[in-house]
file model13.cif (mmCIF, C-alpha atoms)
data_coords
loop_
_atom_site.group_PDB
_atom_site.id
_atom_site.type_symbol
_atom_site.label_atom_id
_atom_site.label_comp_id
_atom_site.auth_asym_id
_atom_site.auth_seq_id
_atom_site.Cartn_x
_atom_site.Cartn_y
_atom_site.Cartn_z
ATOM 1 C CA MET A 140 113.593 -128.806 -13.195
ATOM 2 C CA ARG A 141 111.140 -131.720 -13.292
ATOM 3 C CA THR A 142 109.235 -130.564 -10.191
ATOM 4 C CA VAL A 143 108.591 -127.160 -11.781
ATOM 5 C CA LEU A 144 107.115 -128.529 -15.032
ATOM 6 C CA PRO A 145 103.648 -129.528 -13.714
ATOM 7 C CA ALA A 146 103.177 -126.046 -12.212
ATOM 8 C CA LEU A 147 104.262 -124.429 -15.474
ATOM 9 C CA PHE A 148 101.766 -126.545 -17.398
ATOM 10 C CA ARG A 149 98.854 -125.521 -15.188
ATOM 11 C CA LEU A 150 99.726 -121.832 -15.319
ATOM 12 C CA THR A 151 100.404 -121.214 -18.962
ATOM 13 C CA GLY A 152 98.847 -124.054 -20.908
ATOM 14 C CA ILE A 153 99.799 -126.568 -23.546
ATOM 15 C CA MET A 154 102.522 -124.586 -25.304
ATOM 16 C CA THR A 155 104.614 -124.312 -22.135
ATOM 17 C CA ALA A 156 104.477 -128.081 -21.709
ATOM 18 C CA VAL A 157 105.662 -128.601 -25.281
ATOM 19 C CA VAL A 158 108.505 -126.111 -24.809
ATOM 20 C CA ALA A 159 109.385 -127.742 -21.487
ATOM 21 C CA VAL A 160 109.633 -131.157 -23.145
ATOM 22 C CA MET A 161 111.954 -129.715 -25.749
ATOM 23 C CA ALA A 162 114.078 -128.034 -23.040
ATOM 24 C CA VAL A 163 114.375 -131.134 -20.894
ATOM 25 C CA GLY A 164 115.008 -133.298 -23.944
ATOM 26 C CA SER A 165 113.064 -136.229 -22.568
ATOM 27 C CA ALA A 166 110.863 -138.431 -24.689
ATOM 28 C CA GLY A 167 108.000 -138.324 -22.196
ATOM 29 C CA LEU A 168 106.599 -136.174 -19.436
ATOM 30 C CA ALA A 169 103.749 -137.093 -17.117
ATOM 31 C CA THR A 170 101.618 -134.503 -15.372
ATOM 32 C CA SER A 171 97.900 -134.052 -14.689
ATOM 33 C CA ALA A 172 95.159 -131.856 -16.080
ATOM 34 C CA SER A 173 91.721 -132.003 -14.474
ATOM 35 C CA ALA A 174 92.491 -135.345 -12.792
ATOM 36 C CA GLN A 175 93.052 -137.065 -16.119
ATOM 37 C CA SER A 176 96.308 -138.525 -17.333
ATOM 38 C CA VAL A 177 98.394 -136.607 -19.821
ATOM 39 C CA GLU A 178 101.340 -137.709 -21.871
ATOM 40 C CA ALA A 179 103.707 -135.429 -23.719
ATOM 41 C CA VAL A 180 105.360 -137.322 -26.518
ATOM 42 C CA SER A 181 108.547 -136.351 -28.280
ATOM 43 C CA VAL A 182 107.953 -133.220 -30.345
ATOM 44 C CA GLY A 183 110.094 -134.489 -33.207
ATOM 45 C CA SER A 184 107.699 -137.371 -33.898
ATOM 46 C CA GLY A 185 104.849 -135.011 -34.801
ATOM 47 C CA ALA A 186 102.687 -136.361 -31.968
ATOM 48 C CA GLY A 187 101.281 -134.086 -29.286
ATOM 49 C CA GLU A 188 99.804 -134.466 -25.861
ATOM 50 C CA LYS A 189 97.101 -136.934 -24.886
ATOM 51 C CA TRP A 190 94.530 -136.822 -22.066
ATOM 52 C CA SER A 191 92.369 -139.829 -21.183
ATOM 53 C CA TRP A 192 88.752 -139.477 -20.064
ATOM 54 C CA GLY A 193 85.886 -141.734 -19.034
ATOM 55 C CA PRO A 194 84.199 -144.002 -18.619
ATOM 56 C CA ALA A 195 80.996 -141.998 -18.567
ATOM 57 C CA ALA A 196 77.905 -144.193 -18.183
ATOM 58 C CA SER A 197 74.186 -143.670 -18.723
ATOM 59 C CA ALA A 198 71.870 -143.615 -15.709
ATOM 60 C CA ASP A 199 70.899 -147.269 -16.251
ATOM 61 C CA ARG A 200 74.563 -148.262 -16.877
ATOM 62 C CA ARG A 201 73.710 -149.907 -20.217
ATOM 63 C CA GLY A 202 75.607 -147.389 -22.304
ATOM 64 C CA TRP A 203 79.055 -145.963 -21.666
ATOM 65 C CA ALA A 204 81.825 -144.064 -23.407
ATOM 66 C CA GLY A 205 85.456 -143.211 -22.893
ATOM 67 C CA GLY A 206 88.367 -141.969 -24.909
ATOM 68 C CA GLU A 207 91.071 -139.375 -25.185
ATOM 69 C CA ILE A 208 91.803 -135.828 -26.216
ATOM 70 C CA ARG A 209 94.840 -135.153 -28.394
ATOM 71 C CA THR A 210 96.501 -131.996 -29.555
ATOM 72 C CA THR A 211 96.535 -131.418 -33.301
ATOM 73 C CA ALA A 212 97.830 -128.636 -35.519
ATOM 74 C CA SER A 213 94.357 -127.058 -35.552
ATOM 75 C CA GLY A 214 93.572 -127.433 -31.841
ATOM 76 C CA LEU A 215 92.207 -130.400 -29.917
ATOM 77 C CA ARG A 216 90.509 -133.603 -31.072
ATOM 78 C CA ILE A 217 88.093 -135.548 -28.847
ATOM 79 C CA SER A 218 87.892 -139.227 -29.777
ATOM 80 C CA GLY A 219 86.919 -142.539 -28.231
ATOM 81 C CA ARG A 220 84.422 -145.361 -28.277
ATOM 82 C CA LEU A 221 80.723 -145.539 -27.454
ATOM 83 C CA TYR A 222 79.447 -148.865 -26.129
ATOM 84 C CA ASP A 223 75.885 -150.199 -26.104
ATOM 85 C CA GLY A 224 75.170 -152.713 -23.360
ATOM 86 C CA GLY A 225 71.952 -154.074 -24.743
ATOM 87 C CA GLY A 226 68.220 -153.907 -24.564
ATOM 88 C CA VAL A 227 65.472 -154.573 -27.084
ATOM 89 C CA ARG A 228 65.345 -151.802 -29.717
ATOM 90 C CA THR A 229 67.471 -149.441 -27.642
ATOM 91 C CA CYS A 230 70.602 -147.491 -28.446
ATOM 92 C CA SER A 231 73.287 -145.597 -26.599
ATOM 93 C CA TRP A 232 73.788 -141.913 -27.363
ATOM 94 C CA LEU A 233 76.759 -139.701 -26.547
ATOM 95 C CA LYS A 234 76.498 -135.927 -26.416
ATOM 96 C CA ILE A 235 79.684 -133.882 -26.288
ATOM 97 C CA LYS A 236 79.681 -130.134 -25.795
ATOM 98 C CA TRP A 237 82.656 -127.826 -25.730
ATOM 99 C CA LEU A 238 83.211 -124.136 -25.127
ATOM 100 C CA ASN A 239 85.218 -122.454 -27.873
ATOM 101 C CA GLU A 240 87.427 -119.377 -27.604
ATOM 102 C CA GLN A 241 84.544 -117.089 -28.634
ATOM 103 C CA GLY A 242 82.506 -118.199 -25.608
ATOM 104 C CA LYS A 243 80.024 -120.306 -27.602
ATOM 105 C CA TYR A 244 79.095 -123.903 -26.938
ATOM 106 C CA ARG A 245 79.315 -126.401 -29.791
ATOM 107 C CA THR A 246 77.863 -129.920 -29.638
ATOM 108 C CA ALA A 247 78.261 -133.257 -31.337
ATOM 109 C CA THR A 248 76.012 -136.305 -30.923
ATOM 110 C CA PHE A 249 76.813 -139.947 -31.670
ATOM 111 C CA ARG A 250 74.651 -143.077 -31.600
ATOM 112 C CA ASN A 251 75.437 -146.776 -31.243
ATOM 113 C CA CYS A 252 72.726 -149.409 -31.663
ATOM 114 C CA SER A 253 75.106 -152.354 -32.045
ATOM 115 C CA GLN A 254 75.355 -154.489 -28.932
ATOM 116 C CA SER A 255 78.265 -156.435 -30.402
ATOM 117 C CA ALA A 256 80.689 -153.668 -31.409
ATOM 118 C CA PRO A 257 81.640 -150.282 -29.993
ATOM 119 C CA ARG A 258 81.315 -147.224 -32.226
ATOM 120 C CA ALA A 259 84.389 -145.090 -32.705
ATOM 121 C CA PHE A 260 83.844 -141.323 -32.731
ATOM 122 C CA SER A 261 86.022 -138.293 -33.296
ATOM 123 C CA VAL A 262 85.387 -134.536 -33.099
ATOM 124 C CA ASN A 263 87.789 -131.756 -34.025
ATOM 125 C CA ALA A 264 87.000 -129.239 -31.300
ATOM 126 C CA GLY A 265 89.623 -126.684 -32.289
ATOM 127 C CA HIS A 266 90.926 -124.332 -29.622
ATOM 128 C CA MET A 267 88.423 -125.089 -26.881
ATOM 129 C CA LEU A 268 88.364 -123.906 -23.289
ATOM 130 C CA SER A 269 86.476 -126.855 -21.770
ATOM 131 C CA SER A 270 84.451 -129.896 -22.760
ATOM 132 C CA GLU A 271 81.814 -132.108 -21.171
ATOM 133 C CA ALA A 272 80.098 -135.359 -22.132
ATOM 134 C CA LYS A 273 76.980 -137.258 -21.193
ATOM 135 C CA VAL A 274 75.714 -140.698 -22.189
ATOM 136 C CA CYS A 275 72.010 -141.357 -22.715
ATOM 137 C CA ARG A 276 69.712 -144.189 -23.768
ATOM 138 C CA GLY A 277 67.195 -143.938 -26.564
ATOM 139 C CA THR A 278 65.759 -145.386 -29.734
ATOM 140 C CA ALA A 279 67.377 -145.415 -33.151
ATOM 141 C CA LYS A 280 65.867 -141.976 -33.825
ATOM 142 C CA ARG A 281 66.148 -139.975 -30.612
ATOM 143 C CA VAL A 282 67.229 -139.826 -26.989
ATOM 144 C CA THR A 283 64.469 -140.980 -24.642
ATOM 145 C CA GLY A 284 66.091 -140.411 -21.268
ATOM 146 C CA LYS A 285 68.190 -142.233 -18.683
ATOM 147 C CA CYS A 286 71.036 -139.771 -19.195
ATOM 148 C CA SER A 287 74.053 -139.295 -17.013
ATOM 149 C CA HIS A 288 74.932 -135.859 -15.712
ATOM 150 C CA TRP A 289 77.306 -133.703 -17.753
ATOM 151 C CA GLU A 290 80.748 -134.980 -16.839
ATOM 152 C CA GLY A 291 83.837 -132.854 -17.261
ATOM 153 C CA VAL A 292 86.130 -134.259 -19.949
ATOM 154 C CA TRP A 293 88.785 -131.549 -20.250
ATOM 155 C CA ALA A 294 89.359 -127.989 -19.070
ATOM 156 C CA GLN A 295 92.120 -125.557 -19.927
ATOM 157 C CA GLY A 296 94.332 -124.994 -16.919
ATOM 158 C CA GLY A 297 92.964 -127.953 -14.990
#

call {"tool": "encode", "arguments": {"input": "model13.cif", "output": "structure tokens"}}
result
Amino acid sequence: MRTVLPALFRLTGIMTAVVAVMAVGSAGLATSASAQSVEAVSVGSGAGEKWSWGPAASADRRGWAGGEIRTTASGLRISGRLYDGGGVRTCSWLKIKWLNEQGKYRTATFRNCSQSAPRAFSVNAGHMLSSEAKVCRGTAKRVTGKCSHWEGVWAQGG
């Protein structure tokens, strides 16, 4: 039964994995989705699945971000930390975009100008089909360049 579960997850999505965990009765299940790690936690605890992503770094490698995607009752939540590696009057910026079920892209942007502490971020993306992130450098007011390419964070079905 355990060898069939990863294939079931890729074919039919998150709900099959949750049902499979309940059927097997195990407290954990490891599989992969888009080359990121995924953990299915016991359904009775109220926790869902978790995918790790990152690190994504800016072109000059002075800003980077990483985090996880978790299932929630209302869909998926993208969260993590944005780090700023330094520079005089410079900041790190993170842009996240995701494709929702209606075929429209939504975006969220976060900034960190503190060289001493990472900035935590969180976005409720709902029932998304895919998401991407890129890290840029800029001033306290806007992105000025040195961006990474859009990096795939999560995609439905792998």

call {"tool": "resolve_selection", "arguments": {"input": "model13.cif", "expression": "the PyMOL selection byres ((chain A and resi 285) around 7)", "output": "ChimeraX atom specification"}}
result
/A:197-199,275-276,284,286-287

call {"tool": "closest_residue", "arguments": {"input": "model13.cif", "among": "A:Ala294, A:Trp232, A:Ala264, A:Thr248", "to": "A:Val282", "atoms": "all atoms listed in the file"}}
result
A:Trp232

call {"tool": "closest_residue", "arguments": {"input": "model13.cif", "among": "A:Trp203, A:Trp289, A:Phe249, A:Phe260", "to": "A:Asp223", "atoms": "all atoms listed in the file"}}
result
A:Trp203

call {"tool": "closest_residue", "arguments": {"input": "model13.cif", "among": "A:Trp237, A:Lys243, A:Ser269, A:Glu188", "to": "A:Thr211", "atoms": "only C-alpha atoms"}}
result
A:Glu188

call {"tool": "axis_aligned_box", "arguments": {"input": "model13.cif", "around": "stretch 196-201 of chain A", "padding_each_side": "8 Å", "output": "JSON"}}
result
{"center_x": 74.4, "center_y": -146.8, "center_z": -18.0, "size_x": 23.0, "size_y": 22.3, "size_z": 20.5}

call {"tool": "resolve_selection", "arguments": {"input": "model13.cif", "expression": "the PyMOL selection byres ((chain A and resi 280) around 12)", "output": "PyMOL selection string"}}
result
chain A and resi 228-232+248-252+276-279+281-283

call {"tool": "closest_residue", "arguments": {"input": "model13.cif", "among": "A:Arg245, A:His266, A:Arg220, A:Lys236", "to": "A:Gly202", "atoms": "all atoms listed in the file"}}
result
A:Arg220

call {"tool": "atom_distance", "arguments": {"input": "model13.cif", "atom1": "atom CA of A:Thr246", "atom2": "atom CA of A:Ser213"}}
result
17.8 Å

call {"tool": "closest_residue", "arguments": {"input": "model13.cif", "among": "A:Asn239, A:Glu290, A:Gly225, A:Gln295", "to": "A:Gly205", "atoms": "all atoms listed in the file"}}
result
A:Glu290

call {"tool": "closest_residue", "arguments": {"input": "model13.cif", "among": "A:Lys189, A:His288, A:Arg200, A:Arg258", "to": "A:Arg216", "atoms": "all atoms listed in the file"}}
result
A:Lys189

call {"tool": "atom_distance", "arguments": {"input": "model13.cif", "atom1": "atom CA of A:Val227", "atom2": "atom CA of A:Gly206"}}
result
26.2 Å

call {"tool": "residues_near_point", "arguments": {"input": "model13.cif", "point": "(90.9, -130.3, -23.0)", "cutoff": "12 Å", "atoms": "all atoms listed in the file", "output": "PyMOL selection string"}}
result
chain A and resi 152-153+171-177+188-192+207-211+214-218+236-239+263-272+291-297

call {"tool": "atom_distance", "arguments": {"input": "model13.cif", "atom1": "atom CA of A:Ala212", "atom2": "atom CA of A:Val262"}}
result
14.0 Å

call {"tool": "decode", "arguments": {"input": "model13.cif", "residues": "stretch 202-292 of chain A", "atoms": "C-alpha atoms", "output": "PDB file, in the first residue's frame"}}
result
ATOM      1  CA  GLY A 202      19.082  38.820  -0.205  1.00  0.00           C
ATOM      2  CA  TRP A 203      17.434  35.426   0.096  1.00  0.00           C
ATOM      3  CA  ALA A 204      14.201  33.811   1.211  1.00  0.00           C
ATOM      4  CA  GLY A 205      12.861  30.391   2.043  1.00  0.00           C
ATOM      5  CA  GLY A 206       9.920  28.877   3.814  1.00  0.00           C
ATOM      6  CA  GLU A 207       7.053  26.462   3.566  1.00  0.00           C
ATOM      7  CA  ILE A 208       3.560  25.999   2.235  1.00  0.00           C
ATOM      8  CA  ARG A 209       0.916  24.528   4.530  1.00  0.00           C
ATOM      9  CA  THR A 210      -2.616  23.396   3.964  1.00  0.00           C
ATOM     10  CA  THR A 211      -5.291  25.290   5.867  1.00  0.00           C
ATOM     11  CA  ALA A 212      -9.069  25.069   6.012  1.00  0.00           C
ATOM     12  CA  SER A 213      -9.321  27.830   3.391  1.00  0.00           C
ATOM     13  CA  GLY A 214      -6.612  26.563   1.027  1.00  0.00           C
ATOM     14  CA  LEU A 215      -2.851  27.020   1.148  1.00  0.00           C
ATOM     15  CA  ARG A 216      -0.652  29.415   3.124  1.00  0.00           C
ATOM     16  CA  ILE A 217       2.806  30.482   1.911  1.00  0.00           C
ATOM     17  CA  SER A 218       5.084  31.553   4.758  1.00  0.00           C
ATOM     18  CA  GLY A 219       8.773  31.918   5.513  1.00  0.00           C
ATOM     19  CA  ARG A 220      11.564  34.356   6.200  1.00  0.00           C
ATOM     20  CA  LEU A 221      13.208  37.048   4.093  1.00  0.00           C
ATOM     21  CA  TYR A 222      16.860  37.786   4.849  1.00  0.00           C
ATOM     22  CA  ASP A 223      18.864  40.915   4.035  1.00  0.00           C
ATOM     23  CA  GLY A 224      22.592  40.339   3.671  1.00  0.00           C
ATOM     24  CA  GLY A 225      23.683  43.930   3.885  1.00  0.00           C
ATOM     25  CA  GLY A 226      24.694  46.952   1.927  1.00  0.00           C
ATOM     26  CA  VAL A 227      24.454  50.673   2.597  1.00  0.00           C
ATOM     27  CA  ARG A 228      20.830  51.868   2.336  1.00  0.00           C
ATOM     28  CA  THR A 229      19.698  48.718   0.548  1.00  0.00           C
ATOM     29  CA  CYS A 230      16.883  46.296   1.233  1.00  0.00           C
ATOM     30  CA  SER A 231      15.813  42.849   0.147  1.00  0.00           C
ATOM     31  CA  TRP A 232      12.440  42.424  -1.541  1.00  0.00           C
ATOM     32  CA  LEU A 233      10.436  39.249  -2.078  1.00  0.00           C
ATOM     33  CA  LYS A 234       7.738  38.979  -4.719  1.00  0.00           C
ATOM     34  CA  ILE A 235       5.392  36.006  -4.633  1.00  0.00           C
ATOM     35  CA  LYS A 236       2.858  35.331  -7.354  1.00  0.00           C
ATOM     36  CA  TRP A 237       0.334  32.539  -7.499  1.00  0.00           C
ATOM     37  CA  LEU A 238      -2.245  31.343  -9.989  1.00  0.00           C
ATOM     38  CA  ASN A 239      -5.703  30.925  -8.484  1.00  0.00           C
ATOM     39  CA  GLU A 240      -8.474  28.584  -9.605  1.00  0.00           C
ATOM     40  CA  GLN A 241     -10.019  31.299 -11.808  1.00  0.00           C
ATOM     41  CA  GLY A 242      -6.818  31.530 -13.867  1.00  0.00           C
ATOM     42  CA  LYS A 243      -5.729  34.909 -12.459  1.00  0.00           C
ATOM     43  CA  TYR A 244      -2.363  35.737 -10.967  1.00  0.00           C
ATOM     44  CA  ARG A 245      -2.237  37.343  -7.527  1.00  0.00           C
ATOM     45  CA  THR A 246       0.910  38.873  -6.022  1.00  0.00           C
ATOM     46  CA  ALA A 247       2.308  39.810  -2.653  1.00  0.00           C
ATOM     47  CA  THR A 248       5.474  41.820  -1.981  1.00  0.00           C
ATOM     48  CA  PHE A 249       7.558  41.948   1.198  1.00  0.00           C
ATOM     49  CA  ARG A 250      10.558  44.076   2.172  1.00  0.00           C
ATOM     50  CA  ASN A 251      13.345  43.637   4.714  1.00  0.00           C
ATOM     51  CA  CYS A 252      15.830  46.431   5.406  1.00  0.00           C
ATOM     52  CA  SER A 253      17.168  44.961   8.651  1.00  0.00           C
ATOM     53  CA  GLN A 254      20.565  43.338   8.268  1.00  0.00           C
ATOM     54  CA  SER A 255      20.355  41.888  11.771  1.00  0.00           C
ATOM     55  CA  ALA A 256      16.999  40.078  11.720  1.00  0.00           C
ATOM     56  CA  PRO A 257      15.023  38.151   9.120  1.00  0.00           C
ATOM     57  CA  ARG A 258      11.476  39.268   8.339  1.00  0.00           C
ATOM     58  CA  ALA A 259       8.732  36.702   8.683  1.00  0.00           C
ATOM     59  CA  PHE A 260       6.025  36.754   6.008  1.00  0.00           C
ATOM     60  CA  SER A 261       2.801  34.887   5.406  1.00  0.00           C
ATOM     61  CA  VAL A 262       0.257  34.899   2.561  1.00  0.00           C
ATOM     62  CA  ASN A 263      -3.054  33.062   2.443  1.00  0.00           C
ATOM     63  CA  ALA A 264      -3.113  32.001  -1.197  1.00  0.00           C
ATOM     64  CA  GLY A 265      -6.354  30.036  -1.028  1.00  0.00           C
ATOM     65  CA  HIS A 266      -6.901  27.265  -3.551  1.00  0.00           C
ATOM     66  CA  MET A 267      -4.008  27.999  -5.884  1.00  0.00           C
ATOM     67  CA  LEU A 268      -2.746  26.012  -8.844  1.00  0.00           C
ATOM     68  CA  SER A 269       0.905  27.120  -8.735  1.00  0.00           C
ATOM     69  CA  SER A 270       3.169  29.685  -7.115  1.00  0.00           C
ATOM     70  CA  GLU A 271       6.512  31.305  -7.874  1.00  0.00           C
ATOM     71  CA  ALA A 272       8.866  33.618  -5.993  1.00  0.00           C
ATOM     72  CA  LYS A 273      11.719  35.951  -6.786  1.00  0.00           C
ATOM     73  CA  VAL A 274      14.072  37.926  -4.551  1.00  0.00           C
ATOM     74  CA  CYS A 275      15.278  41.391  -5.535  1.00  0.00           C
ATOM     75  CA  ARG A 276      17.422  44.196  -4.141  1.00  0.00           C
ATOM     76  CA  GLY A 277      16.262  47.767  -3.790  1.00  0.00           C
ATOM     77  CA  THR A 278      15.865  50.816  -1.610  1.00  0.00           C
ATOM     78  CA  ALA A 279      13.406  51.272   1.226  1.00  0.00           C
ATOM     79  CA  LYS A 280      10.826  52.516  -1.295  1.00  0.00           C
ATOM     80  CA  ARG A 281      11.151  50.353  -4.397  1.00  0.00           C
ATOM     81  CA  VAL A 282      12.897  47.506  -6.176  1.00  0.00           C
ATOM     82  CA  THR A 283      15.926  48.709  -8.134  1.00  0.00           C
ATOM     83  CA  GLY A 284      17.058  45.494  -9.781  1.00  0.00           C
ATOM     84  CA  LYS A 285      19.393  42.560  -9.184  1.00  0.00           C
ATOM     85  CA  CYS A 286      16.444  40.167  -9.140  1.00  0.00           C
ATOM     86  CA  SER A 287      16.552  36.421  -9.357  1.00  0.00           C
ATOM     87  CA  HIS A 288      14.490  34.610 -11.954  1.00  0.00           C
ATOM     88  CA  TRP A 289      10.994  33.457 -11.009  1.00  0.00           C
ATOM     89  CA  GLU A 290      11.552  30.223  -9.129  1.00  0.00           C
ATOM     90  CA  GLY A 291       8.844  27.613  -8.809  1.00  0.00           C
ATOM     91  CA  VAL A 292       7.672  27.269  -5.208  1.00  0.00           C
TER      92      VAL A 292
END
